[in-house]
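Everything below belongs to model_6.cif, which stores mmCIF, N, CA and C atoms and all ligand atoms.
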data_protein
#
loop_
_atom_site.label_atom_id
_atom_site.label_comp_id
_atom_site.auth_asym_id
_atom_site.auth_seq_id
_atom_site.Cartn_x
_atom_site.Cartn_y
_atom_site.Cartn_z
N MET A 1 58.58 91.51 53.96
CA MET A 1 59.67 90.91 54.75
C MET A 1 61.00 91.51 54.32
N SER A 2 61.78 91.99 55.30
CA SER A 2 63.07 92.61 54.97
C SER A 2 64.10 91.54 54.61
N VAL A 3 65.02 91.92 53.73
CA VAL A 3 66.04 90.97 53.27
C VAL A 3 67.06 90.77 54.39
N GLU A 4 67.42 89.49 54.60
CA GLU A 4 68.32 89.15 55.69
C GLU A 4 69.78 89.39 55.30
N ARG A 5 70.61 89.66 56.31
CA ARG A 5 72.06 89.78 56.11
C ARG A 5 72.79 88.86 57.08
N THR A 6 73.98 88.41 56.67
CA THR A 6 74.81 87.60 57.56
C THR A 6 76.25 88.03 57.47
N LEU A 7 76.99 87.81 58.56
CA LEU A 7 78.44 88.04 58.53
C LEU A 7 79.13 86.74 58.13
N VAL A 8 79.97 86.83 57.10
CA VAL A 8 80.82 85.71 56.69
C VAL A 8 82.26 86.12 56.91
N LEU A 9 83.03 85.27 57.60
CA LEU A 9 84.47 85.49 57.72
C LEU A 9 85.20 84.36 57.01
N VAL A 10 86.19 84.73 56.18
CA VAL A 10 87.17 83.75 55.72
C VAL A 10 88.30 83.84 56.74
N LYS A 11 88.47 82.79 57.50
CA LYS A 11 89.42 82.79 58.62
C LYS A 11 90.86 82.75 58.10
N PRO A 12 91.86 82.97 58.99
CA PRO A 12 93.25 83.02 58.53
C PRO A 12 93.72 81.79 57.76
N ASP A 13 93.20 80.61 58.07
CA ASP A 13 93.62 79.43 57.28
C ASP A 13 93.19 79.58 55.83
N GLY A 14 91.99 80.08 55.62
CA GLY A 14 91.48 80.26 54.26
C GLY A 14 92.24 81.34 53.51
N VAL A 15 92.49 82.47 54.18
CA VAL A 15 93.21 83.56 53.52
C VAL A 15 94.64 83.13 53.21
N THR A 16 95.31 82.51 54.19
CA THR A 16 96.71 82.10 54.02
C THR A 16 96.86 81.04 52.93
N ARG A 17 95.88 80.17 52.81
CA ARG A 17 95.93 79.12 51.78
C ARG A 17 95.49 79.62 50.41
N GLY A 18 95.15 80.90 50.33
CA GLY A 18 94.78 81.47 49.02
C GLY A 18 93.39 81.09 48.57
N LEU A 19 92.49 80.85 49.55
CA LEU A 19 91.14 80.38 49.22
C LEU A 19 90.06 81.45 49.39
N THR A 20 90.48 82.70 49.64
CA THR A 20 89.48 83.77 49.84
C THR A 20 88.54 83.88 48.65
N GLY A 21 89.12 83.98 47.47
CA GLY A 21 88.31 84.14 46.27
C GLY A 21 87.41 82.94 46.02
N THR A 22 87.95 81.75 46.25
CA THR A 22 87.17 80.52 46.06
C THR A 22 85.96 80.51 46.98
N VAL A 23 86.18 80.85 48.25
CA VAL A 23 85.08 80.84 49.22
C VAL A 23 84.03 81.88 48.85
N LEU A 24 84.48 83.11 48.58
CA LEU A 24 83.51 84.17 48.26
C LEU A 24 82.76 83.83 46.97
N ALA A 25 83.47 83.24 46.01
CA ALA A 25 82.83 82.87 44.74
C ALA A 25 81.74 81.83 44.96
N ARG A 26 81.97 80.91 45.90
CA ARG A 26 80.95 79.88 46.15
C ARG A 26 79.69 80.49 46.75
N VAL A 27 79.89 81.50 47.59
CA VAL A 27 78.71 82.14 48.20
C VAL A 27 77.98 82.97 47.15
N GLU A 28 78.75 83.67 46.32
CA GLU A 28 78.12 84.44 45.24
C GLU A 28 77.42 83.52 44.25
N ALA A 29 78.06 82.38 43.95
CA ALA A 29 77.49 81.46 42.96
C ALA A 29 76.15 80.89 43.43
N LYS A 30 75.99 80.78 44.74
CA LYS A 30 74.70 80.30 45.27
C LYS A 30 73.61 81.34 45.06
N GLY A 31 74.05 82.59 44.88
CA GLY A 31 73.08 83.64 44.55
C GLY A 31 73.01 84.76 45.56
N TYR A 32 73.75 84.65 46.66
CA TYR A 32 73.70 85.71 47.66
C TYR A 32 74.52 86.90 47.18
N LYS A 33 74.11 88.08 47.64
CA LYS A 33 74.72 89.32 47.17
C LYS A 33 75.77 89.81 48.17
N LEU A 34 76.97 90.04 47.67
CA LEU A 34 78.05 90.60 48.49
C LEU A 34 77.79 92.09 48.66
N VAL A 35 77.65 92.54 49.93
CA VAL A 35 77.33 93.97 50.14
C VAL A 35 78.40 94.71 50.94
N GLU A 36 79.29 93.98 51.62
CA GLU A 36 80.43 94.61 52.32
C GLU A 36 81.59 93.63 52.26
N LEU A 37 82.82 94.17 52.19
CA LEU A 37 84.01 93.31 52.15
C LEU A 37 85.22 94.10 52.63
N ARG A 38 85.96 93.51 53.57
CA ARG A 38 87.24 94.12 53.97
C ARG A 38 88.19 93.05 54.52
N LEU A 39 89.49 93.34 54.38
CA LEU A 39 90.53 92.46 54.93
C LEU A 39 90.95 93.07 56.27
N VAL A 40 90.89 92.26 57.33
CA VAL A 40 91.08 92.79 58.68
C VAL A 40 92.16 92.02 59.40
N ASN A 41 93.08 92.75 60.04
CA ASN A 41 93.97 92.13 61.02
C ASN A 41 93.27 92.32 62.36
N ALA A 42 92.61 91.28 62.82
CA ALA A 42 91.77 91.39 64.01
C ALA A 42 92.62 91.68 65.24
N THR A 43 92.02 92.34 66.22
CA THR A 43 92.67 92.53 67.52
C THR A 43 92.03 91.56 68.51
N ARG A 44 92.74 91.34 69.61
CA ARG A 44 92.19 90.49 70.67
C ARG A 44 90.85 91.04 71.17
N GLU A 45 90.77 92.37 71.29
CA GLU A 45 89.55 93.01 71.79
C GLU A 45 88.36 92.71 70.87
N LEU A 46 88.61 92.82 69.56
CA LEU A 46 87.54 92.53 68.59
C LEU A 46 87.10 91.07 68.71
N LEU A 47 88.08 90.17 68.83
CA LEU A 47 87.75 88.74 68.88
C LEU A 47 87.06 88.36 70.19
N GLU A 48 87.42 89.05 71.28
CA GLU A 48 86.75 88.79 72.56
C GLU A 48 85.26 89.13 72.46
N GLN A 49 84.95 90.19 71.71
CA GLN A 49 83.54 90.52 71.48
C GLN A 49 82.88 89.48 70.57
N HIS A 50 83.57 89.19 69.46
CA HIS A 50 82.98 88.29 68.46
C HIS A 50 82.70 86.91 69.05
N TYR A 51 83.64 86.38 69.84
CA TYR A 51 83.51 85.02 70.37
C TYR A 51 83.12 85.01 71.85
N ALA A 52 82.41 86.03 72.31
CA ALA A 52 82.02 86.13 73.72
C ALA A 52 81.30 84.86 74.22
N GLU A 53 80.50 84.23 73.35
CA GLU A 53 79.73 83.04 73.76
C GLU A 53 80.64 81.85 74.10
N HIS A 54 81.90 81.89 73.63
CA HIS A 54 82.79 80.75 73.83
C HIS A 54 83.81 80.95 74.96
N VAL A 55 83.75 82.09 75.66
CA VAL A 55 84.69 82.34 76.76
C VAL A 55 84.60 81.19 77.77
N GLY A 56 85.76 80.68 78.18
CA GLY A 56 85.80 79.61 79.19
C GLY A 56 85.85 78.21 78.60
N LYS A 57 85.57 78.07 77.30
CA LYS A 57 85.63 76.74 76.69
C LYS A 57 87.09 76.38 76.41
N PRO A 58 87.42 75.08 76.40
CA PRO A 58 88.83 74.67 76.24
C PRO A 58 89.47 75.16 74.93
N PHE A 59 88.66 75.36 73.89
CA PHE A 59 89.23 75.79 72.62
C PHE A 59 89.24 77.31 72.46
N TYR A 60 88.78 78.06 73.50
CA TYR A 60 88.63 79.51 73.34
C TYR A 60 89.96 80.21 73.07
N GLU A 61 90.96 79.99 73.91
CA GLU A 61 92.24 80.68 73.74
C GLU A 61 92.93 80.25 72.42
N PRO A 62 92.99 78.95 72.11
CA PRO A 62 93.52 78.56 70.80
C PRO A 62 92.74 79.19 69.64
N LEU A 63 91.44 79.35 69.80
CA LEU A 63 90.63 79.97 68.74
C LEU A 63 91.02 81.43 68.54
N VAL A 64 91.17 82.15 69.64
CA VAL A 64 91.57 83.56 69.54
C VAL A 64 92.97 83.67 68.92
N GLU A 65 93.90 82.84 69.37
CA GLU A 65 95.27 82.86 68.82
C GLU A 65 95.26 82.56 67.31
N PHE A 66 94.45 81.60 66.93
CA PHE A 66 94.33 81.24 65.51
C PHE A 66 93.79 82.42 64.71
N MET A 67 92.78 83.08 65.23
CA MET A 67 92.17 84.20 64.51
C MET A 67 93.08 85.42 64.46
N LEU A 68 94.10 85.44 65.36
CA LEU A 68 95.10 86.52 65.34
C LEU A 68 96.29 86.18 64.44
N SER A 69 96.34 84.96 63.92
CA SER A 69 97.53 84.47 63.24
C SER A 69 97.71 85.02 61.82
N GLY A 70 96.71 85.70 61.29
CA GLY A 70 96.80 86.26 59.95
C GLY A 70 95.54 87.03 59.63
N PRO A 71 95.50 87.64 58.46
CA PRO A 71 94.32 88.43 58.13
C PRO A 71 93.05 87.59 57.95
N VAL A 72 91.94 88.25 58.19
CA VAL A 72 90.60 87.67 58.04
C VAL A 72 89.88 88.48 56.96
N ALA A 73 89.24 87.81 56.03
CA ALA A 73 88.40 88.52 55.06
C ALA A 73 86.98 88.54 55.62
N ALA A 74 86.49 89.73 55.93
CA ALA A 74 85.15 89.89 56.51
C ALA A 74 84.20 90.38 55.43
N ALA A 75 83.07 89.71 55.34
CA ALA A 75 82.10 90.05 54.29
C ALA A 75 80.69 90.03 54.87
N VAL A 76 79.82 90.82 54.27
CA VAL A 76 78.40 90.74 54.56
C VAL A 76 77.70 90.29 53.28
N PHE A 77 76.91 89.24 53.41
CA PHE A 77 76.10 88.76 52.29
C PHE A 77 74.62 88.96 52.61
N GLU A 78 73.86 89.18 51.57
CA GLU A 78 72.45 89.50 51.70
C GLU A 78 71.60 88.56 50.84
N GLY A 79 70.42 88.23 51.36
CA GLY A 79 69.47 87.43 50.59
C GLY A 79 68.44 86.79 51.51
N GLN A 80 67.34 86.33 50.93
CA GLN A 80 66.32 85.65 51.73
C GLN A 80 66.93 84.39 52.37
N ARG A 81 66.82 84.26 53.66
CA ARG A 81 67.29 83.11 54.45
C ARG A 81 68.80 82.86 54.30
N VAL A 82 69.57 83.97 54.11
CA VAL A 82 71.01 83.81 53.89
C VAL A 82 71.73 83.25 55.12
N ILE A 83 71.22 83.51 56.32
CA ILE A 83 71.89 83.00 57.53
C ILE A 83 71.90 81.48 57.50
N GLU A 84 70.72 80.90 57.31
CA GLU A 84 70.58 79.44 57.22
C GLU A 84 71.30 78.90 55.98
N GLY A 85 71.15 79.61 54.88
CA GLY A 85 71.74 79.15 53.62
C GLY A 85 73.25 79.11 53.66
N PHE A 86 73.85 80.12 54.27
CA PHE A 86 75.32 80.09 54.35
C PHE A 86 75.79 79.01 55.31
N ARG A 87 75.10 78.82 56.44
CA ARG A 87 75.51 77.77 57.40
C ARG A 87 75.45 76.39 56.72
N SER A 88 74.44 76.21 55.89
CA SER A 88 74.32 74.95 55.14
C SER A 88 75.47 74.79 54.14
N LEU A 89 75.78 75.88 53.45
CA LEU A 89 76.89 75.86 52.47
C LEU A 89 78.24 75.64 53.16
N ALA A 90 78.40 76.20 54.37
CA ALA A 90 79.66 76.06 55.11
C ALA A 90 79.88 74.63 55.57
N GLY A 91 78.81 73.95 55.97
CA GLY A 91 78.94 72.59 56.49
C GLY A 91 79.18 72.59 57.99
N SER A 92 79.22 71.40 58.57
CA SER A 92 79.31 71.31 60.03
C SER A 92 80.69 71.72 60.52
N THR A 93 80.77 72.01 61.82
CA THR A 93 81.95 72.65 62.42
C THR A 93 83.24 71.87 62.18
N GLU A 94 83.17 70.54 62.37
CA GLU A 94 84.37 69.71 62.20
C GLU A 94 84.57 69.40 60.73
N PRO A 95 85.67 69.85 60.14
CA PRO A 95 85.83 69.64 58.70
C PRO A 95 85.91 68.17 58.29
N THR A 96 86.37 67.31 59.19
CA THR A 96 86.42 65.88 58.85
C THR A 96 85.02 65.34 58.60
N ALA A 97 84.07 65.81 59.41
CA ALA A 97 82.69 65.31 59.33
C ALA A 97 81.83 66.12 58.38
N ALA A 98 82.28 67.32 58.00
CA ALA A 98 81.46 68.17 57.13
C ALA A 98 81.24 67.47 55.79
N ALA A 99 80.03 67.56 55.29
CA ALA A 99 79.66 66.82 54.07
C ALA A 99 80.44 67.33 52.87
N PRO A 100 80.89 66.41 52.01
CA PRO A 100 81.43 66.82 50.71
C PRO A 100 80.40 67.69 49.99
N GLY A 101 80.88 68.70 49.29
CA GLY A 101 79.97 69.65 48.65
C GLY A 101 79.86 70.94 49.45
N THR A 102 80.20 70.87 50.74
CA THR A 102 80.21 72.08 51.57
C THR A 102 81.61 72.69 51.53
N ILE A 103 81.70 73.95 51.93
CA ILE A 103 83.01 74.63 51.95
C ILE A 103 83.97 73.91 52.89
N ARG A 104 83.52 73.63 54.10
CA ARG A 104 84.40 72.95 55.07
C ARG A 104 84.68 71.50 54.64
N GLY A 105 83.69 70.85 54.08
CA GLY A 105 83.86 69.46 53.65
C GLY A 105 84.80 69.33 52.47
N ASP A 106 84.76 70.29 51.57
CA ASP A 106 85.59 70.21 50.36
C ASP A 106 87.00 70.76 50.58
N LEU A 107 87.12 71.79 51.41
CA LEU A 107 88.38 72.53 51.49
C LEU A 107 89.11 72.37 52.81
N GLY A 108 88.46 71.75 53.80
CA GLY A 108 89.05 71.68 55.13
C GLY A 108 89.39 70.26 55.57
N ARG A 109 90.23 70.17 56.60
CA ARG A 109 90.58 68.89 57.20
C ARG A 109 91.00 69.16 58.63
N ASP A 110 91.15 68.10 59.42
CA ASP A 110 91.66 68.19 60.78
C ASP A 110 93.19 68.23 60.70
N TRP A 111 93.78 69.22 61.38
CA TRP A 111 95.25 69.35 61.38
C TRP A 111 95.84 68.92 62.72
N GLY A 112 95.05 68.33 63.60
CA GLY A 112 95.55 67.84 64.89
C GLY A 112 95.87 68.95 65.87
N LEU A 113 95.19 70.09 65.75
CA LEU A 113 95.45 71.24 66.61
C LEU A 113 94.37 71.36 67.69
N LYS A 114 94.57 72.28 68.65
CA LYS A 114 93.62 72.43 69.75
C LYS A 114 92.32 73.09 69.31
N VAL A 115 92.37 73.77 68.17
CA VAL A 115 91.15 74.38 67.63
C VAL A 115 90.98 73.89 66.20
N GLN A 116 89.74 73.65 65.82
CA GLN A 116 89.44 73.25 64.44
C GLN A 116 89.66 74.45 63.51
N GLN A 117 90.45 74.27 62.49
CA GLN A 117 90.61 75.30 61.46
C GLN A 117 89.66 74.93 60.33
N ASN A 118 88.58 75.67 60.24
CA ASN A 118 87.50 75.25 59.33
C ASN A 118 87.09 76.35 58.34
N LEU A 119 88.03 77.23 58.05
CA LEU A 119 87.94 78.17 56.92
C LEU A 119 86.98 79.33 57.03
N VAL A 120 85.80 79.08 57.58
CA VAL A 120 84.78 80.12 57.54
C VAL A 120 84.00 80.24 58.85
N HIS A 121 83.49 81.44 59.06
CA HIS A 121 82.51 81.71 60.10
C HIS A 121 81.24 82.22 59.42
N GLY A 122 80.09 81.83 59.94
CA GLY A 122 78.83 82.43 59.51
C GLY A 122 77.95 82.65 60.72
N SER A 123 77.29 83.79 60.78
CA SER A 123 76.38 84.09 61.89
C SER A 123 75.33 82.99 62.01
N ASP A 124 74.89 82.73 63.27
CA ASP A 124 73.96 81.61 63.47
C ASP A 124 72.52 82.04 63.75
N SER A 125 72.25 83.34 63.79
CA SER A 125 70.87 83.82 64.00
C SER A 125 70.82 85.28 63.55
N ALA A 126 69.62 85.81 63.44
CA ALA A 126 69.47 87.22 63.06
C ALA A 126 70.09 88.13 64.11
N GLU A 127 69.94 87.76 65.38
CA GLU A 127 70.50 88.58 66.46
C GLU A 127 72.03 88.55 66.39
N SER A 128 72.61 87.37 66.19
CA SER A 128 74.08 87.26 66.06
C SER A 128 74.56 88.05 64.86
N ALA A 129 73.85 87.97 63.76
CA ALA A 129 74.28 88.66 62.54
C ALA A 129 74.33 90.16 62.78
N GLU A 130 73.31 90.70 63.40
CA GLU A 130 73.29 92.14 63.65
C GLU A 130 74.44 92.55 64.56
N ARG A 131 74.64 91.76 65.62
CA ARG A 131 75.72 92.04 66.59
C ARG A 131 77.09 91.94 65.91
N GLU A 132 77.31 90.86 65.16
CA GLU A 132 78.62 90.60 64.55
C GLU A 132 78.93 91.60 63.42
N ILE A 133 77.94 91.97 62.64
CA ILE A 133 78.18 92.96 61.57
C ILE A 133 78.60 94.28 62.22
N GLY A 134 78.00 94.60 63.36
CA GLY A 134 78.38 95.81 64.09
C GLY A 134 79.81 95.77 64.60
N ILE A 135 80.29 94.58 64.94
CA ILE A 135 81.66 94.43 65.45
C ILE A 135 82.68 94.58 64.32
N TRP A 136 82.42 93.97 63.19
CA TRP A 136 83.41 93.93 62.08
C TRP A 136 83.28 95.10 61.12
N PHE A 137 82.14 95.76 61.11
CA PHE A 137 81.91 96.89 60.19
C PHE A 137 81.33 98.08 60.95
N SER A 138 82.13 98.63 61.90
CA SER A 138 81.59 99.76 62.68
C SER A 138 82.26 101.05 62.24
P1 LIG B 201 80.66 77.25 64.17
O1 LIG B 201 81.85 78.02 63.62
O2 LIG B 201 80.35 76.05 63.33
O3 LIG B 201 79.46 78.13 64.45
P2 LIG B 201 81.16 77.28 67.04
O4 LIG B 201 80.56 78.66 67.03
O5 LIG B 201 80.58 76.28 67.96
O6 LIG B 201 81.14 76.65 65.57
O7 LIG B 201 82.70 77.38 67.39
C1 LIG B 201 83.51 78.43 66.89
C2 LIG B 201 84.77 77.83 66.32
O8 LIG B 201 85.54 77.21 67.34
C3 LIG B 201 84.53 76.73 65.29
O9 LIG B 201 84.32 77.25 63.99
C4 LIG B 201 85.77 75.90 65.39
C5 LIG B 201 86.13 76.01 66.86
N1 LIG B 201 85.60 74.89 67.65
C6 LIG B 201 84.30 74.72 68.03
N2 LIG B 201 84.16 73.62 68.78
C7 LIG B 201 85.40 73.08 68.89
C8 LIG B 201 85.91 71.92 69.56
N3 LIG B 201 85.14 71.11 70.28
N4 LIG B 201 87.24 71.66 69.44
C9 LIG B 201 88.05 72.48 68.71
N5 LIG B 201 87.64 73.59 68.09
C10 LIG B 201 86.33 73.89 68.16
MG MG B 202 79.38 79.78 65.78
#
Can you turn what I pasted into structure tokens?
Ligand code: DAT
Ligand code: MG
Amino acid sequence: MSVERTLVLVKPDGVTRGLTGTVLARVEAKGYKLVELRLVNATRELLEQHYAEHVGKPFYEPLVEFMLSGPVAAAVFEGQRVIEGFRSLAGSTEPTAAAPGTIRGDLGRDWGLKVQQNLVHGSDSAESAEREIGIWFS
């Protein structure tokens, strides 16, 4: 069985709040291997590809604007079942509801904005991971 890879993004809220190292350290501490890392000022074109599944949703434009608001730390982590494992470590989408002990639950909150600022992105399937790694590391 080949070792799985996932795309992890520390979103602009995480980078701006100085939490990049904390987030990456938590993923490393769980045991996953960091295999790619770069700081990116995303373009609208890149984000339109990355968030294609969300086009037309009410939070889509606020989400793109948020992701353009500052640098993003893009990383690839590797390990058995890392896609599922990172999603579990990240916690649920809404930081208010995300369980304590998760990245979003411990470090995030609702700021009353049109888009949830929840610190991290993680690929949700092997197909998404392959597609997203190609977008951020081409
Ligand atoms: P996830 O990042 O947990 O995979 P998603 O892919 O459904 O969540 O949505 C992408 C991002 O958009 C998410 O991290 C935060 C924001 N978002 C999702 N649903 C939202 C909603 N109903 N209201 C505001 N922001 C939302
Ligand atoms: Mg998603």
Counting only N, CA and C atoms and all ligand atoms, figure out which residue out of A:Arg131, A:Arg44, A:Arg26, A:Lys114 gets nearest to ligand LIG 201 (chain B).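 Of all the options, A:Lys114 lies closest to ligand LIG 201 (chain B).
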Pick out the closest residue to ligand MG 202 (chain B) from this set: A:Gly122, A:Tyr60, A:Arg17, A:Ser92. Count only C-alpha atoms and all ligand atoms. A:Gly122
Could you pull out the strand (DSSP E) residues of chain A, going by DSSP on the backbone, and write them as an mmCIF file with N, CA and C atoms, in the coordinates of the input?
data_model
loop_
_atom_site.group_PDB
_atom_site.id
_atom_site.type_symbol
_atom_site.label_atom_id
_atom_site.label_comp_id
_atom_site.auth_asym_id
_atom_site.auth_seq_id
_atom_site.Cartn_x
_atom_site.Cartn_y
_atom_site.Cartn_z
ATOM 1 N N ARG A 5 70.610 89.660 56.310
ATOM 2 C CA ARG A 5 72.060 89.780 56.110
ATOM 3 C C ARG A 5 72.790 88.860 57.080
ATOM 4 N N THR A 6 73.980 88.410 56.670
ATOM 5 C CA THR A 6 74.810 87.600 57.560
ATOM 6 C C THR A 6 76.250 88.030 57.470
ATOM 7 N N LEU A 7 76.990 87.810 58.560
ATOM 8 C CA LEU A 7 78.440 88.040 58.530
ATOM 9 C C LEU A 7 79.130 86.740 58.130
ATOM 10 N N VAL A 8 79.970 86.830 57.100
ATOM 11 C CA VAL A 8 80.820 85.710 56.690
ATOM 12 C C VAL A 8 82.260 86.120 56.910
ATOM 13 N N LEU A 9 83.030 85.270 57.600
ATOM 14 C CA LEU A 9 84.470 85.490 57.720
ATOM 15 C C LEU A 9 85.200 84.360 57.010
ATOM 16 N N VAL A 10 86.190 84.730 56.180
ATOM 17 C CA VAL A 10 87.170 83.750 55.720
ATOM 18 C C VAL A 10 88.300 83.840 56.740
ATOM 19 N N LYS A 33 74.110 88.080 47.640
ATOM 20 C CA LYS A 33 74.720 89.320 47.170
ATOM 21 C C LYS A 33 75.770 89.810 48.170
ATOM 22 N N LEU A 34 76.970 90.040 47.670
ATOM 23 C CA LEU A 34 78.050 90.600 48.490
ATOM 24 C C LEU A 34 77.790 92.090 48.660
ATOM 25 N N VAL A 35 77.650 92.540 49.930
ATOM 26 C CA VAL A 35 77.330 93.970 50.140
ATOM 27 C C VAL A 35 78.400 94.710 50.940
ATOM 28 N N GLU A 36 79.290 93.980 51.620
ATOM 29 C CA GLU A 36 80.430 94.610 52.320
ATOM 30 C C GLU A 36 81.590 93.630 52.260
ATOM 31 N N LEU A 37 82.820 94.170 52.190
ATOM 32 C CA LEU A 37 84.010 93.310 52.150
ATOM 33 C C LEU A 37 85.220 94.100 52.630
ATOM 34 N N ARG A 38 85.960 93.510 53.570
ATOM 35 C CA ARG A 38 87.240 94.120 53.970
ATOM 36 C C ARG A 38 88.190 93.050 54.520
ATOM 37 N N LEU A 39 89.490 93.340 54.380
ATOM 38 C CA LEU A 39 90.530 92.460 54.930
ATOM 39 C C LEU A 39 90.950 93.070 56.270
ATOM 40 N N VAL A 40 90.890 92.260 57.330
ATOM 41 C CA VAL A 40 91.080 92.790 58.680
ATOM 42 C C VAL A 40 92.160 92.020 59.400
ATOM 43 N N VAL A 72 91.940 88.250 58.190
ATOM 44 C CA VAL A 72 90.600 87.670 58.040
ATOM 45 C C VAL A 72 89.880 88.480 56.960
ATOM 46 N N ALA A 73 89.240 87.810 56.030
ATOM 47 C CA ALA A 73 88.400 88.520 55.060
ATOM 48 C C ALA A 73 86.980 88.540 55.620
ATOM 49 N N ALA A 74 86.490 89.730 55.930
ATOM 50 C CA ALA A 74 85.150 89.890 56.510
ATOM 51 C C ALA A 74 84.200 90.380 55.430
ATOM 52 N N ALA A 75 83.070 89.710 55.340
ATOM 53 C CA ALA A 75 82.100 90.050 54.290
ATOM 54 C C ALA A 75 80.690 90.030 54.870
ATOM 55 N N VAL A 76 79.820 90.820 54.270
ATOM 56 C CA VAL A 76 78.400 90.740 54.560
ATOM 57 C C VAL A 76 77.700 90.290 53.280
ATOM 58 N N PHE A 77 76.910 89.240 53.410
ATOM 59 C CA PHE A 77 76.100 88.760 52.290
ATOM 60 C C PHE A 77 74.620 88.960 52.610
ATOM 61 N N GLU A 78 73.860 89.180 51.570
ATOM 62 C CA GLU A 78 72.450 89.500 51.700
ATOM 63 C C GLU A 78 71.600 88.560 50.840
ATOM 64 N N VAL A 120 85.800 79.080 57.580
ATOM 65 C CA VAL A 120 84.780 80.120 57.540
ATOM 66 C C VAL A 120 84.000 80.240 58.850
ATOM 67 N N HIS A 121 83.490 81.440 59.060
ATOM 68 C CA HIS A 121 82.510 81.710 60.100
ATOM 69 C C HIS A 121 81.240 82.220 59.420
ATOM 70 N N GLY A 122 80.090 81.830 59.940
ATOM 71 C CA GLY A 122 78.830 82.430 59.510
ATOM 72 C C GLY A 122 77.950 82.650 60.720
#
Would you write out, as JSON lines, a table of all residues in chain A that have an atom no more than 8 Å from an atom of ligand MG 202 (chain B), listing for each the closest atom pair and the distance in Å to one decimal, considering all atoms listed in the file and ordering rows by chain and rising residue number?
{"residue": "A:His121", "atom": "CA", "partner": "B:MG202", "partner_atom": "MG", "distance": 6.8}
{"residue": "A:Gly122", "atom": "C", "partner": "B:MG202", "partner_atom": "MG", "distance": 6.0}
{"residue": "A:Ser123", "atom": "C", "partner": "B:MG202", "partner_atom": "MG", "distance": 6.4}
{"residue": "A:Asp124", "atom": "N", "partner": "B:MG202", "partner_atom": "MG", "distance": 5.9}
Where does chain A meet ligand LIG 201 (chain B) within 9 Å, residue by residue, with the nearest atom pair and distance in Å to one decimal for each, counting only C-alpha atoms and all ligand atoms, listed by chain and rising number, as CSV?
residue,atom,partner,partner_atom,distance
A:Tyr51,CA,B:LIG201,C1,7.5
A:Glu53,CA,B:LIG201,O4,8.1
A:His54,CA,B:LIG201,O7,7.3
A:Lys57,CA,B:LIG201,N3,8.5
A:Pro58,CA,B:LIG201,N4,7.6
A:Phe59,CA,B:LIG201,C9,5.3
A:Tyr60,CA,B:LIG201,O8,7.1
A:Pro62,CA,B:LIG201,N5,8.2
A:Leu63,CA,B:LIG201,O8,6.0
A:Arg87,CA,B:LIG201,O2,7.8
A:Ala90,CA,B:LIG201,O2,8.2
A:Gly91,CA,B:LIG201,O2,7.8
A:Ser92,CA,B:LIG201,O2,5.9
A:Thr93,CA,B:LIG201,O2,3.9
A:Glu94,CA,B:LIG201,C4,7.1
A:Leu113,CA,B:LIG201,C9,7.8
A:Lys114,CA,B:LIG201,C9,5.7
A:Val115,CA,B:LIG201,N5,3.6
A:Gln116,CA,B:LIG201,N5,4.1
A:Gln117,CA,B:LIG201,C4,6.3
A:Asn118,CA,B:LIG201,O9,6.0
A:Leu119,CA,B:LIG201,O9,8.0
A:Val120,CA,B:LIG201,O1,7.1
A:His121,CA,B:LIG201,O1,5.1
A:Gly122,CA,B:LIG201,O3,6.6
A:Ser123,CA,B:LIG201,O3,7.2
A:Asp124,CA,B:LIG201,O3,6.6
So which residues touch Asn41 (chain A) within 9 Å, counting only C-alpha atoms, skipping near sequence neighbours fewer than 2 positions away, as a ChimeraX atom specification? /A:39,43,67-73
For Ala75 (chain A), please output as a VMD selection string all residues within 6 Å (counting only C-alpha atoms; exclusion window: fewer than 5 positions along the same chain). chain A and resid 7 to 8 36 to 37
Leaving out Phe66 (chain A) and any residue of its chain fewer than 5 positions from it, which residues lie within 7 Å of it when counting only N, CA and C atoms, given as a PyMOL selection string? chain A and resi 12-13+61
Can you tell me, as a VMD selection string, which residues in region 10-75 of chain A count as alpha helix (DSSP H) by DSSP? chain A and resid 12 to 16 20 to 30 44 to 50 60 to 67
Report, in Å with one decimal, the straight-line distance from CA of Thr96 (chain A) to CA of Gly21 (chain A). 22.3 Å
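If all atoms listed in the file are the atoms counted, then among A:Glu65, A:Glu132, A:Glu48, A:Asp110 the closest residue to Ala97 (chain A) is A:Asp110.
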Would you mind telling me which residue in A:Ala74, A:Val64, A:Thr22, A:Phe137 lies nearest to Val40 (chain A) when using only N, CA and C atoms?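 Checking each candidate against Val40 (chain A), we get A:Ala74 as the closest.
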Report, in Å with one decimal, the straight-line distance from atom N of Gly79 (chain A) to atom C of Ala52 (chain A).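 Value for the atom N of Gly79 (chain A)-atom C of Ala52 (chain A) distance: 25.5 Å.
Note that the spacing between atom N of Ile133 (chain A) and atom C of Arg5 (chain A) amounts to 8.2 Å.
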Pick out the residues sitting within 8 Å of Val3 (chain A), and hand them over as a PyMOL selection string; count only N, CA and C atoms, and ignore anything fewer than 2 positions along from it in its own chain. chain A and resi 1+5-6+77-82
So which residues fall inside 7 Å of (78.9, 77.5, 53.3) if we count only N, CA and C atoms? Mind giving them as a ChimeraX atom specification? /A:27,85-91,102-104
Report as AutoDock Vina command-line options the centre and the edge lengths, in Å to one decimal, of the axis-aligned box holding every listed atom of region 103-114 of chain A, padded by 5 Å on each side.
--center_x 88.8 --center_y 71.2 --center_z 60.1 --size_x 24.2 --size_y 16.8 --size_z 29.4
Selected residue of minimal separation from Ser138 (chain A) among A:Val55, A:Ile83, A:Leu46, A:Ala126, counting only C-alpha atoms: A:Leu46
Select, from A:Pro95, A:Val35, A:Glu84, A:Glu4, the residue with the minimum atom-to-atom distance to Arg109 (chain A), counting all atoms listed in the file.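 Of A:Pro95, A:Val35, A:Glu84, A:Glu4, the one nearest Arg109 (chain A) is A:Pro95, counting all atoms listed in the file.
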